[in-house]
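Heads up, coords28.txt below (compact mmCIF, C-alpha atoms):
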# COMPACT_ATOMS: atom_id res chain seq x y z
CA MET A 1 27.29 70.00 -20.93
CA LYS A 2 23.70 68.89 -21.57
CA GLU A 3 22.58 65.78 -19.68
CA VAL A 4 21.37 62.87 -21.80
CA PHE A 5 18.54 60.66 -20.53
CA ASN A 6 18.54 58.18 -23.43
CA ILE A 7 17.31 54.69 -22.55
CA ASP A 8 19.36 53.22 -25.40
CA GLU A 9 22.43 53.87 -23.24
CA PHE A 10 21.14 51.03 -21.06
CA LYS A 11 20.83 48.44 -23.78
CA TYR A 12 23.06 45.37 -23.78
CA ASP A 13 23.00 41.98 -25.50
CA LEU A 14 21.44 39.33 -23.26
CA PRO A 15 21.38 35.94 -25.02
CA ASP A 16 18.34 33.81 -24.17
CA GLU A 17 20.55 31.01 -22.90
CA ARG A 18 21.90 33.31 -20.18
CA ILE A 19 18.42 33.81 -18.71
CA ALA A 20 17.91 31.38 -15.83
CA LYS A 21 14.64 29.61 -16.60
CA TYR A 22 14.86 27.34 -13.55
CA PRO A 23 16.38 27.79 -10.08
CA LEU A 24 19.45 25.93 -8.88
CA ALA A 25 18.82 22.91 -6.66
CA LYS A 26 20.19 24.78 -3.65
CA ARG A 27 19.60 28.49 -3.16
CA ASP A 28 23.03 29.41 -1.83
CA GLU A 29 25.00 27.60 -4.56
CA SER A 30 24.57 30.55 -6.90
CA LYS A 31 27.50 32.74 -7.89
CA LEU A 32 28.12 36.09 -6.23
CA LEU A 33 29.88 38.94 -8.01
CA LEU A 34 31.39 41.39 -5.52
CA TRP A 35 31.86 45.00 -6.67
CA ARG A 36 33.67 46.94 -3.99
CA LYS A 37 34.35 50.58 -4.92
CA GLY A 38 35.23 49.64 -8.50
CA GLN A 39 37.05 46.36 -7.82
CA ILE A 40 35.39 43.11 -8.96
CA SER A 41 35.88 39.62 -7.54
CA HIS A 42 33.95 36.34 -7.78
CA HIS A 43 32.61 34.15 -4.96
CA PRO A 44 30.01 31.52 -4.14
CA PHE A 45 26.93 33.05 -2.52
CA SER A 46 27.65 30.97 0.59
CA ALA A 47 30.60 33.31 1.21
CA ALA A 48 28.30 36.35 1.55
CA PRO A 49 28.51 36.54 5.40
CA ASP A 50 32.28 37.02 5.09
CA LEU A 51 31.96 39.75 2.45
CA VAL A 52 29.46 42.08 4.11
CA PRO A 53 31.22 44.66 6.32
CA LYS A 54 31.15 43.90 10.05
CA SER A 55 28.34 45.45 12.12
CA SER A 56 26.21 46.03 9.02
CA LEU A 57 22.42 45.96 9.11
CA LEU A 58 20.92 43.80 6.36
CA VAL A 59 17.50 45.11 5.30
CA PHE A 60 15.16 42.58 3.68
CA ASN A 61 11.77 42.84 1.96
CA ASP A 62 9.54 40.21 3.57
CA THR A 63 6.65 40.44 1.10
CA ARG A 64 5.16 37.10 0.07
CA VAL A 65 4.24 36.30 -3.53
CA ILE A 66 0.58 35.41 -3.98
CA SER A 67 -0.65 32.93 -6.60
CA ALA A 68 -1.90 35.86 -8.65
CA ARG A 69 -2.71 34.03 -11.89
CA LEU A 70 -6.30 32.74 -11.63
CA LEU A 71 -7.67 30.46 -14.36
CA PHE A 72 -11.38 30.02 -15.02
CA GLN A 73 -13.18 27.92 -17.62
CA LYS A 74 -16.48 28.93 -19.18
CA SER A 75 -19.21 26.41 -19.89
CA THR A 76 -18.25 26.76 -23.58
CA GLY A 77 -14.74 25.55 -22.76
CA ALA A 78 -13.07 28.94 -23.24
CA ARG A 79 -10.29 29.60 -20.70
CA ILE A 80 -10.17 33.01 -19.05
CA GLU A 81 -7.05 34.09 -17.19
CA ILE A 82 -7.35 36.79 -14.53
CA PHE A 83 -4.09 38.25 -13.20
CA LEU A 84 -4.38 40.18 -9.95
CA LEU A 85 -2.68 43.60 -9.97
CA HIS A 86 -3.95 45.60 -7.00
CA PRO A 87 -7.10 45.89 -4.86
CA GLU A 88 -9.68 48.65 -5.24
CA LEU A 89 -12.67 47.81 -3.02
CA PRO A 90 -13.47 47.89 -0.18
CA THR A 91 -9.86 49.04 0.33
CA ARG A 92 -6.73 49.75 -1.75
CA ASP A 93 -4.52 48.46 1.05
CA ILE A 94 -3.11 45.12 -0.12
CA GLN A 95 -2.62 43.52 3.29
CA ALA A 96 -6.11 44.52 4.40
CA SER A 97 -7.60 43.20 1.16
CA MET A 98 -5.83 39.85 1.51
CA ALA A 99 -7.37 39.41 4.97
CA ILE A 100 -10.96 40.07 3.83
CA LYS A 101 -13.56 37.30 3.77
CA GLY A 102 -16.45 37.05 1.31
CA MET A 103 -15.92 39.69 -1.39
CA VAL A 104 -13.23 41.98 -2.82
CA THR A 105 -12.72 43.94 -6.05
CA TRP A 106 -9.31 44.07 -7.75
CA TYR A 107 -7.88 45.75 -10.81
CA CYS A 108 -6.66 42.92 -13.05
CA LEU A 109 -5.26 41.91 -16.40
CA VAL A 110 -7.73 39.70 -18.27
CA GLY A 111 -6.51 37.14 -20.77
CA ASN A 112 -8.90 36.05 -23.55
CA LYS A 113 -11.15 38.96 -22.58
CA LYS A 114 -13.02 38.93 -25.90
CA LYS A 115 -14.49 35.56 -24.90
CA TRP A 116 -15.73 36.89 -21.56
CA LYS A 117 -18.68 39.19 -22.13
CA GLY A 118 -19.93 39.49 -18.58
CA GLU A 119 -21.34 36.22 -17.27
CA LYS A 120 -20.18 35.03 -13.86
CA LEU A 121 -17.21 32.66 -13.83
CA LYS A 122 -17.03 30.01 -11.13
CA LYS A 123 -14.51 27.50 -9.85
CA GLN A 124 -14.35 25.11 -6.92
CA VAL A 125 -11.61 25.90 -4.39
CA GLY A 126 -11.58 23.13 -1.80
CA ASN A 127 -14.94 23.39 -0.06
CA ALA A 128 -15.50 26.94 -1.29
CA VAL A 129 -16.86 28.28 -4.59
CA LEU A 130 -15.02 31.28 -6.06
CA THR A 131 -16.99 33.54 -8.41
CA ALA A 132 -15.53 36.24 -10.67
CA SER A 133 -17.63 38.94 -12.32
CA TYR A 134 -17.08 42.39 -13.79
CA HIS A 135 -17.33 45.39 -11.51
CA SER A 136 -16.24 47.42 -14.55
CA ARG A 137 -15.43 45.59 -17.78
CA GLU A 138 -13.99 48.77 -19.31
CA LYS A 139 -11.52 49.26 -16.44
CA ASN A 140 -10.80 45.54 -15.84
CA MET A 141 -12.19 45.81 -12.31
CA ILE A 142 -13.11 42.29 -11.22
CA ARG A 143 -15.31 41.42 -8.24
CA PHE A 144 -14.45 38.17 -6.47
CA GLU A 145 -16.95 36.47 -4.17
CA TRP A 146 -16.54 33.18 -2.34
CA THR A 147 -18.33 30.97 0.12
CA GLY A 148 -16.94 29.84 3.44
CA LYS A 149 -14.77 31.57 6.05
CA GLU A 150 -11.42 31.69 4.29
CA THR A 151 -9.55 34.93 3.63
CA PHE A 152 -8.87 36.14 0.11
CA ALA A 153 -5.20 35.21 0.61
CA GLU A 154 -6.18 31.63 1.41
CA ILE A 155 -8.53 31.42 -1.56
CA VAL A 156 -6.00 32.86 -3.99
CA ASN A 157 -3.10 30.73 -2.82
CA LYS A 158 -5.21 27.57 -3.09
CA SER A 159 -6.66 28.34 -6.52
CA GLY A 160 -4.08 30.39 -8.43
CA GLU A 161 -0.75 29.77 -10.14
CA THR A 162 2.68 31.22 -9.30
CA PRO A 163 3.11 34.42 -11.38
CA LEU A 164 6.45 33.68 -13.00
CA PRO A 165 8.04 36.56 -14.95
CA PRO A 166 7.07 36.64 -18.65
CA TYR A 167 10.68 36.25 -19.82
CA MET A 168 10.83 32.71 -18.41
CA ASN A 169 8.41 31.79 -21.17
CA ARG A 170 7.14 28.66 -19.43
CA LYS A 171 4.28 27.53 -17.26
CA PRO A 172 4.82 27.43 -13.51
CA GLU A 173 5.68 24.01 -12.08
CA LYS A 174 5.15 22.58 -8.61
CA GLU A 175 8.59 23.57 -7.29
CA ASP A 176 8.06 27.21 -8.30
CA SER A 177 5.50 27.71 -5.53
CA ALA A 178 8.32 27.33 -3.00
CA ARG A 179 11.37 28.47 -4.97
CA TYR A 180 9.84 31.72 -6.25
CA GLN A 181 9.49 32.73 -2.62
CA THR A 182 12.10 33.90 -0.12
CA VAL A 183 12.59 31.72 2.98
CA TYR A 184 11.67 34.72 5.16
CA SER A 185 8.57 35.82 3.23
CA LYS A 186 5.68 36.71 5.52
CA SER A 187 3.23 39.33 4.24
CA ASP A 188 0.98 38.22 1.36
CA GLY A 189 0.65 40.75 -1.44
CA ALA A 190 3.42 40.67 -4.08
CA VAL A 191 2.85 39.53 -7.66
CA ALA A 192 6.60 39.31 -8.29
CA ALA A 193 9.34 38.06 -5.97
CA PRO A 194 12.02 40.29 -4.43
CA THR A 195 14.51 38.07 -6.21
CA ALA A 196 17.75 39.19 -4.53
CA GLY A 197 16.43 37.39 -1.47
CA LEU A 198 15.98 34.04 -3.23
CA HIS A 199 19.63 33.12 -2.55
CA PHE A 200 19.32 33.32 1.23
CA THR A 201 18.81 30.18 3.33
CA GLU A 202 18.15 29.78 7.05
CA SER A 203 21.76 28.64 7.40
CA ILE A 204 23.10 31.76 5.65
CA LEU A 205 20.92 34.01 7.82
CA ASP A 206 22.28 32.29 10.94
CA LYS A 207 25.85 32.86 9.74
CA PHE A 208 25.19 36.57 9.31
CA GLN A 209 23.94 36.84 12.87
CA LYS A 210 26.93 34.90 14.22
CA LYS A 211 29.09 37.52 12.46
CA GLU A 212 27.19 40.19 14.47
CA ILE A 213 25.41 41.42 11.35
CA ASP A 214 21.86 42.39 12.28
CA LEU A 215 18.78 41.60 10.16
CA GLU A 216 15.75 43.85 9.65
CA TYR A 217 12.55 43.17 7.69
CA LEU A 218 10.40 45.76 5.91
CA THR A 219 7.61 45.21 3.38
CA LEU A 220 7.12 46.43 -0.18
CA HIS A 221 4.52 44.52 -2.19
CA VAL A 222 6.22 44.16 -5.56
CA SER A 223 3.91 44.95 -8.48
CA ALA A 224 3.87 43.61 -12.04
CA GLY A 225 5.10 47.02 -13.15
CA THR A 226 8.60 45.96 -12.16
CA PHE A 227 8.74 43.97 -15.44
CA LYS A 228 7.51 46.82 -17.62
CA PRO A 229 10.30 47.84 -20.05
CA VAL A 230 11.19 51.48 -20.51
CA GLU A 231 9.88 52.36 -23.96
CA ALA A 232 10.23 56.15 -23.83
CA ALA A 233 13.43 57.36 -25.53
CA ASP A 234 13.84 59.81 -22.64
CA TYR A 235 13.57 57.43 -19.69
CA ARG A 236 12.35 60.20 -17.38
CA LYS A 237 9.01 59.97 -19.22
CA HIS A 238 8.51 56.33 -18.22
CA ASP A 239 5.18 55.64 -16.50
CA MET A 240 6.49 54.41 -13.16
CA HIS A 241 4.53 51.80 -11.23
CA CYS A 242 3.21 52.32 -7.71
CA GLU A 243 3.92 49.90 -4.86
CA GLN A 244 2.71 49.69 -1.27
CA ILE A 245 5.01 49.87 1.77
CA VAL A 246 4.43 48.62 5.31
CA ILE A 247 6.96 49.33 8.09
CA THR A 248 6.77 49.01 11.86
CA VAL A 249 7.94 51.64 14.32
CA SER A 250 10.41 49.15 15.81
CA SER A 251 11.97 48.79 12.36
CA ILE A 252 12.35 52.57 12.07
CA GLU A 253 14.08 52.60 15.46
CA ASN A 254 16.46 49.86 14.30
CA LEU A 255 17.24 51.76 11.09
CA LEU A 256 17.99 54.84 13.19
CA LYS A 257 20.51 52.93 15.31
CA ASN A 258 22.24 51.61 12.19
CA HIS A 259 21.59 54.40 9.70
CA ASP A 260 25.20 54.59 8.42
CA LYS A 261 25.84 50.86 7.87
CA ILE A 262 22.84 49.57 5.94
CA VAL A 263 23.07 46.91 3.22
CA ALA A 264 19.82 46.56 1.27
CA VAL A 265 18.84 43.11 0.07
CA GLY A 266 17.32 43.85 -3.32
CA THR A 267 16.20 46.88 -5.28
CA THR A 268 12.79 46.71 -3.59
CA SER A 269 14.38 47.10 -0.15
CA LEU A 270 16.37 50.06 -1.45
CA ARG A 271 13.15 51.59 -2.83
CA ILE A 272 11.61 51.33 0.65
CA LEU A 273 14.60 52.99 2.30
CA GLU A 274 14.84 55.83 -0.19
CA SER A 275 11.07 56.37 0.02
CA LEU A 276 11.38 56.63 3.80
CA TYR A 277 14.00 59.32 3.32
CA TRP A 278 11.70 61.43 1.16
CA TYR A 279 8.75 60.88 3.49
CA GLY A 280 10.82 62.33 6.32
CA VAL A 281 11.64 65.33 4.13
CA LEU A 282 7.93 65.79 3.36
CA LEU A 283 7.08 65.68 7.06
CA SER A 284 9.69 68.35 7.83
CA ASN A 285 7.77 70.70 5.53
CA ASN A 286 4.27 69.50 6.39
CA PRO A 287 3.53 67.40 9.51
CA ASP A 288 0.29 66.22 7.88
CA ALA A 289 1.92 65.01 4.63
CA PRO A 290 0.66 61.62 3.44
CA PHE A 291 3.14 58.79 2.99
CA THR A 292 2.96 59.02 -0.81
CA ILE A 293 6.18 59.32 -2.80
CA THR A 294 5.50 60.33 -6.39
CA LYS A 295 7.77 59.51 -9.28
CA ASN A 296 9.40 62.92 -9.65
CA LEU A 297 9.38 64.05 -6.03
CA PRO A 298 13.14 63.50 -5.46
CA TYR A 299 13.94 65.67 -8.48
CA LEU A 300 11.55 68.47 -7.54
CA LEU A 301 12.12 68.67 -3.79
CA LYS A 302 15.55 69.91 -2.74
CA SER A 303 16.85 68.66 0.60
CA THR A 304 20.01 68.73 2.67
CA PHE A 305 18.56 66.29 5.18
CA SER A 306 20.51 63.20 6.18
CA PHE A 307 18.84 59.79 6.25
CA HIS A 308 19.10 59.90 10.05
CA GLU A 309 17.25 63.22 10.20
CA SER A 310 14.46 61.93 7.97
CA LEU A 311 13.98 58.85 10.12
CA LEU A 312 13.75 61.06 13.22
CA GLU A 313 10.93 63.04 11.57
CA ILE A 314 9.03 59.81 10.88
CA LEU A 315 9.59 58.44 14.38
CA GLN A 316 8.39 61.71 15.89
CA LEU A 317 5.16 61.46 13.88
CA CYS A 318 4.61 57.83 14.91
CA LYS A 319 5.03 58.64 18.59
CA LYS A 320 2.77 61.67 18.34
CA LEU A 321 0.00 59.63 16.71
CA GLU A 322 0.77 56.49 18.76
CA LEU A 323 1.28 54.45 15.59
CA HIS A 324 2.79 50.97 15.63
CA GLU A 325 2.90 50.60 11.87
CA LEU A 326 3.10 52.87 8.82
CA HIS A 327 1.47 52.20 5.45
CA GLY A 328 2.53 54.15 2.37
CA GLU A 329 2.79 54.13 -1.41
CA THR A 330 5.77 54.86 -3.61
CA GLU A 331 6.45 55.48 -7.27
CA ILE A 332 10.05 56.48 -6.58
CA PHE A 333 12.09 56.43 -9.79
CA ILE A 334 15.82 56.11 -9.20
CA TYR A 335 17.99 56.81 -12.23
CA PRO A 336 21.50 58.19 -12.91
CA GLY A 337 22.08 61.49 -11.16
CA TYR A 338 20.04 60.46 -8.11
CA GLN A 339 22.10 60.45 -4.91
CA ILE A 340 21.49 57.38 -2.74
CA LYS A 341 20.71 58.49 0.82
CA SER A 342 20.23 55.29 2.78
CA ALA A 343 22.42 52.29 1.94
CA ALA A 344 26.14 51.63 1.61
CA GLY A 345 25.61 48.22 0.04
CA LEU A 346 23.14 46.35 -2.15
CA PHE A 347 22.53 42.69 -2.93
CA THR A 348 20.89 42.39 -6.34
CA ASN A 349 20.46 40.00 -9.27
CA PHE A 350 21.28 40.94 -12.89
CA HIS A 351 18.47 42.81 -14.60
CA LEU A 352 16.90 43.21 -18.03
CA PRO A 353 18.30 45.68 -20.56
CA LYS A 354 16.50 49.04 -20.67
CA SER A 355 14.73 48.41 -17.36
CA THR A 356 14.04 50.73 -14.43
CA LEU A 357 16.02 48.33 -12.24
CA LEU A 358 19.12 48.71 -14.41
CA LEU A 359 18.76 52.49 -14.15
CA LEU A 360 18.67 52.13 -10.36
CA ILE A 361 21.83 49.97 -10.41
CA SER A 362 23.62 52.55 -12.55
CA SER A 363 22.74 55.22 -10.01
CA PHE A 364 24.00 53.06 -7.13
CA VAL A 365 27.40 52.31 -8.74
CA ASP A 366 27.87 55.75 -10.31
CA GLY A 367 27.58 54.47 -13.88
CA ALA A 368 29.81 51.39 -13.52
CA TRP A 369 27.03 48.97 -14.49
CA LYS A 370 28.51 48.23 -17.95
CA GLU A 371 31.74 46.87 -16.53
CA ILE A 372 29.82 44.81 -13.96
CA TYR A 373 27.47 43.33 -16.53
CA GLU A 374 30.16 42.66 -19.13
CA THR A 375 32.18 40.86 -16.46
CA ALA A 376 29.15 38.82 -15.40
CA LEU A 377 28.44 37.80 -19.00
CA THR A 378 32.09 36.89 -19.59
CA HIS A 379 32.15 34.75 -16.45
CA ASP A 380 28.96 32.82 -17.25
CA TYR A 381 26.71 34.30 -14.61
CA ARG A 382 23.02 33.39 -14.88
CA PHE A 383 20.72 36.41 -15.28
CA LEU A 384 17.34 37.63 -14.00
CA SER A 385 15.01 36.25 -11.31
CA TYR A 386 16.37 32.72 -10.94
CA GLY A 387 19.90 33.82 -11.82
CA ASP A 388 23.05 34.61 -9.86
CA SER A 389 23.66 37.49 -7.47
CA SER A 390 25.89 40.50 -6.94
CA LEU A 391 26.94 42.46 -3.89
CA LEU A 392 27.63 46.13 -4.60
CA LEU A 393 29.54 48.05 -1.93
CA ARG A 394 29.96 51.79 -2.38

Have the structure of the file written as structure tokens, please.
Amino acid sequence: MKEVFNIDEFKYDLPDERIAKYPLAKRDESKLLLWRKGQISHHPFSAAPDLVPKSSLLVFNDTRVISARLLFQKSTGARIEIFLLHPELPTRDIQASMAIKGMVTWYCLVGNKKKWKGEKLKKQVGNAVLTASYHSREKNMIRFEWTGKETFAEIVNKSGETPLPPYMNRKPEKEDSARYQTVYSKSDGAVAAPTAGLHFTESILDKFQKKEIDLEYLTLHVSAGTFKPVEAADYRKHDMHCEQIVITVSSIENLLKNHDKIVAVGTTSLRILESLYWYGVLLSNNPDAPFTITKNLPYLLKSTFSFHESLLEILQLCKKLELHELHGETEIFIYPGYQIKSAAGLFTNFHLPKSTLLLLISSFVDGAWKEIYETALTHDYRFLSYGDSSLLLR
């Protein structure tokens, strides 16, 4: 029987009123839908520590959302919006770029570009002056220069706005700067939040640890591409976005100790874990392979490796090169037919129709997404970034 890769199979009716435009007053008061091997039940999120299997390892994405929406005003009064996407010069490494002082060049989206012909744009940021100019107008490469001794992260977070998802259809407000951020966020670089983590509080994290459930933190800097809808009829032809990964050797060692009892917090954490698997496979074939996971790699490269074996390959490389930290890039595209290698469970919010994230969920639950989503809609769950949560246990 011929396989069908039709994105219309992942279309469902999402009324606008079911999209959460604002967060709840308290993070852990959201609803939690539990799907356990086909059985569905409903809980408050505060019950999560009692629902995760004992001795699990929760894996979080500790990226921190930067205030990526920068607004400038020309002397004529025209407003120019510059949205940071990813750095280009002097480095493509996001964390390194955020730590730079003085000048960086980023690839950006430019709003009202027709009104900005090339003159320098300036704005006061505390005691510093931030200047934006074209490095390449054609390619939307913007050079930022600023006075003073502050890092680019400090400049951006003082001068920019919270990059709320476009489907919220509203301007960011003061509370968004804190609420569109996980309580454990650490590494500046994301332009979208790893939203499954927005439900966790310090109290909930403490309860997990008292239940002898360990916590581990990895980094994937979420890109704006996560919101890009799949427009190709055959979803395999979707132009998948690239995101940067940072992981410490101590984290790899912890994953190795707990390789068969991992629960990923969010699709971004799962993307890190699955990318690690394929990097280990690459290393087994070529010890000099770069940590770059292309979109189609999992479908081109056959492997019988276990997740444990892949992690051992990576750890061996790190020890050989005396590395303390790994940096990589991934375009991994997880869709139905893909076999999850790393996690037995997944915390995740409810995602847009015809999105790459919904394709990933379908893969994780072996096609049961329709029942899950129909149940969530019937039971008045709130959807998308500020919405309610689900815990999927395979």

Find, counting all atoms listed in the file, the residue in A:Phe350, A:Tyr277, A:Tyr12, A:Trp146 that gets nearest to Val129 (chain A).
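Ranking A:Phe350, A:Tyr277, A:Tyr12, A:Trp146 by distance to Val129 (chain A), first place goes to A:Trp146.
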
Would you write out, as JSON lines, a table of all residues in region 262-337 of chain A that have an atom no more than 10 Å from an atom of region 181-200 of chain A, listing for each the closest atom pair and the distance in Å to one decimal, considering all atoms listed in the file and ordering rows by chain and rising residue number?
{"residue": "A:Ala264", "atom": "CA", "partner": "A:Ala196", "partner_atom": "CA", "distance": 9.6}
{"residue": "A:Val265", "atom": "CA", "partner": "A:Ala196", "partner_atom": "CA", "distance": 6.1}
{"residue": "A:Gly266", "atom": "CA", "partner": "A:Ala196", "partner_atom": "CA", "distance": 4.8}
{"residue": "A:Thr267", "atom": "CA", "partner": "A:Pro194", "partner_atom": "CA", "distance": 7.9}
{"residue": "A:Thr268", "atom": "CA", "partner": "A:Pro194", "partner_atom": "CA", "distance": 6.5}
{"residue": "A:Ser269", "atom": "CA", "partner": "A:Pro194", "partner_atom": "CA", "distance": 8.4}

Using all atoms listed in the file, find the one residue out of A:Ile372, A:Ala224, A:Ile94, A:Leu346 that sits nearest to Pro166 (chain A).
A:Ala224

Within 12 Å of (16.9, 51.3, 12.2) in the file's own coordinates, which protein, DNA or RNA residues have an atom, counting all atoms listed in the file? List them as a ChimeraX atom specification.
/A:56-59,214-218,247-263,273,276,307-308,310-312,314-315,342-343

Using all atoms listed in the file, what table do you get, as JSON lines, when you list each residue of region 139-180 of chain A with an atom no more than 9 Å from region 374-394 of chain A, its nearest pair of atoms, and their distance in Å rounded to one decimal, rows by chain then rising number?
{"residue": "A:Pro165", "atom": "CA", "partner": "A:Ser385", "partner_atom": "CA", "distance": 7.9}
{"residue": "A:Tyr167", "atom": "CA", "partner": "A:Leu384", "partner_atom": "CA", "distance": 9.0}
{"residue": "A:Met168", "atom": "CA", "partner": "A:Ser385", "partner_atom": "CA", "distance": 9.0}
{"residue": "A:Arg179", "atom": "CA", "partner": "A:Tyr386", "partner_atom": "CA", "distance": 8.9}
{"residue": "A:Tyr180", "atom": "CA", "partner": "A:Tyr386", "partner_atom": "CA", "distance": 8.1}

So that I can check the surroundings of region 79-82 of chain A, please list as a ChimeraX atom specification every protein, DNA and RNA residue that reaches within 12 Å of it, counting all atoms listed in the file and ignoring chain neighbours fewer than 4 positions away.
/A:67-75,106-123,131-134,140-144,156,159-161,163

Go through A:Ser223, A:Asn349, A:Gln95, A:Gln244 and flag the residue nearest Lys31 (chain A), using all atoms listed in the file for the distances.
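Closest candidate: A:Asn349.
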
With only C-alpha atoms as the basis for distance, which of A:Val281, A:Leu297, A:Ile66, A:Ser203 is at the shortest distance from Leu164 (chain A)?
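Counting only C-alpha atoms, the residue closest to Leu164 (chain A) is A:Ile66.
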
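Pairwise distance (CA of His135 (chain A), CA of Met240 (chain A)) equals 25.5 Å.
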
Using only C-alpha atoms, determine which residues lie at most 7 Å from Phe291 (chain A), disregarding the query and same-chain residues fewer than 2 positions distant; provide the list as a ChimeraX atom specification.
/A:279,289,293,328-329

Please measure the separation of CA of Ala368 (chain A) and CA of Ile40 (chain A), giving the value in Å to one decimal.
11.0 Å

Using CA of Asn296 (chain A) and CA of Asp93 (chain A) as the two end points, give the distance in Å to one decimal.
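Separation between CA of Asn296 (chain A) and CA of Asp93 (chain A): 22.7 Å.
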
Export region 342-357 of chain A from the structure block above, keeping N, CA and C atoms, as a PDB file, in the first residue's frame.
ATOM      1  N   SER A 342      14.571   8.046  21.691  1.00  0.00           N
ATOM      2  CA  SER A 342      15.137   8.541  22.944  1.00  0.00           C
ATOM      3  C   SER A 342      14.189   8.600  24.134  1.00  0.00           C
ATOM      4  N   ALA A 343      12.939   8.958  23.943  1.00  0.00           N
ATOM      5  CA  ALA A 343      12.070   9.288  25.071  1.00  0.00           C
ATOM      6  C   ALA A 343      10.850   8.377  25.145  1.00  0.00           C
ATOM      7  N   ALA A 344      10.468   8.063  26.377  1.00  0.00           N
ATOM      8  CA  ALA A 344       9.262   7.266  26.613  1.00  0.00           C
ATOM      9  C   ALA A 344       8.061   8.146  26.911  1.00  0.00           C
ATOM     10  N   GLY A 345       8.330   9.430  27.192  1.00  0.00           N
ATOM     11  CA  GLY A 345       7.250  10.357  27.515  1.00  0.00           C
ATOM     12  C   GLY A 345       7.540  11.742  26.984  1.00  0.00           C
ATOM     13  N   LEU A 346       6.477  12.539  26.869  1.00  0.00           N
ATOM     14  CA  LEU A 346       6.611  13.892  26.308  1.00  0.00           C
ATOM     15  C   LEU A 346       5.548  14.809  26.893  1.00  0.00           C
ATOM     16  N   PHE A 347       6.004  15.895  27.525  1.00  0.00           N
ATOM     17  CA  PHE A 347       5.104  17.000  27.876  1.00  0.00           C
ATOM     18  C   PHE A 347       5.027  17.920  26.662  1.00  0.00           C
ATOM     19  N   THR A 348       3.824  18.317  26.290  1.00  0.00           N
ATOM     20  CA  THR A 348       3.698  19.235  25.153  1.00  0.00           C
ATOM     21  C   THR A 348       2.361  19.952  25.190  1.00  0.00           C
ATOM     22  N   ASN A 349       2.327  21.179  24.654  1.00  0.00           N
ATOM     23  CA  ASN A 349       1.076  21.916  24.509  1.00  0.00           C
ATOM     24  C   ASN A 349       0.332  21.403  23.276  1.00  0.00           C
ATOM     25  N   PHE A 350      -0.770  22.056  22.930  1.00  0.00           N
ATOM     26  CA  PHE A 350      -1.554  21.678  21.750  1.00  0.00           C
ATOM     27  C   PHE A 350      -1.199  22.622  20.609  1.00  0.00           C
ATOM     28  N   HIS A 351      -0.906  22.055  19.440  1.00  0.00           N
ATOM     29  CA  HIS A 351      -0.253  22.788  18.370  1.00  0.00           C
ATOM     30  C   HIS A 351      -1.192  23.141  17.208  1.00  0.00           C
ATOM     31  N   LEU A 352      -0.696  24.027  16.373  1.00  0.00           N
ATOM     32  CA  LEU A 352      -1.463  24.501  15.215  1.00  0.00           C
ATOM     33  C   LEU A 352      -1.767  23.370  14.230  1.00  0.00           C
ATOM     34  N   PRO A 353      -2.899  23.477  13.533  1.00  0.00           N
ATOM     35  CA  PRO A 353      -3.151  22.537  12.428  1.00  0.00           C
ATOM     36  C   PRO A 353      -2.055  22.649  11.371  1.00  0.00           C
ATOM     37  N   LYS A 354      -1.772  21.552  10.695  1.00  0.00           N
ATOM     38  CA  LYS A 354      -0.845  21.527   9.561  1.00  0.00           C
ATOM     39  C   LYS A 354       0.531  22.102   9.922  1.00  0.00           C
ATOM     40  N   SER A 355       0.994  21.799  11.132  1.00  0.00           N
ATOM     41  CA  SER A 355       2.297  22.298  11.579  1.00  0.00           C
ATOM     42  C   SER A 355       3.289  21.137  11.719  1.00  0.00           C
ATOM     43  N   THR A 356       4.568  21.461  11.668  1.00  0.00           N
ATOM     44  CA  THR A 356       5.591  20.426  11.850  1.00  0.00           C
ATOM     45  C   THR A 356       5.502  19.825  13.246  1.00  0.00           C
ATOM     46  N   LEU A 357       5.057  20.623  14.222  1.00  0.00           N
ATOM     47  CA  LEU A 357       4.949  20.115  15.590  1.00  0.00           C
ATOM     48  C   LEU A 357       3.835  19.079  15.701  1.00  0.00           C
TER      49      LEU A 357
END
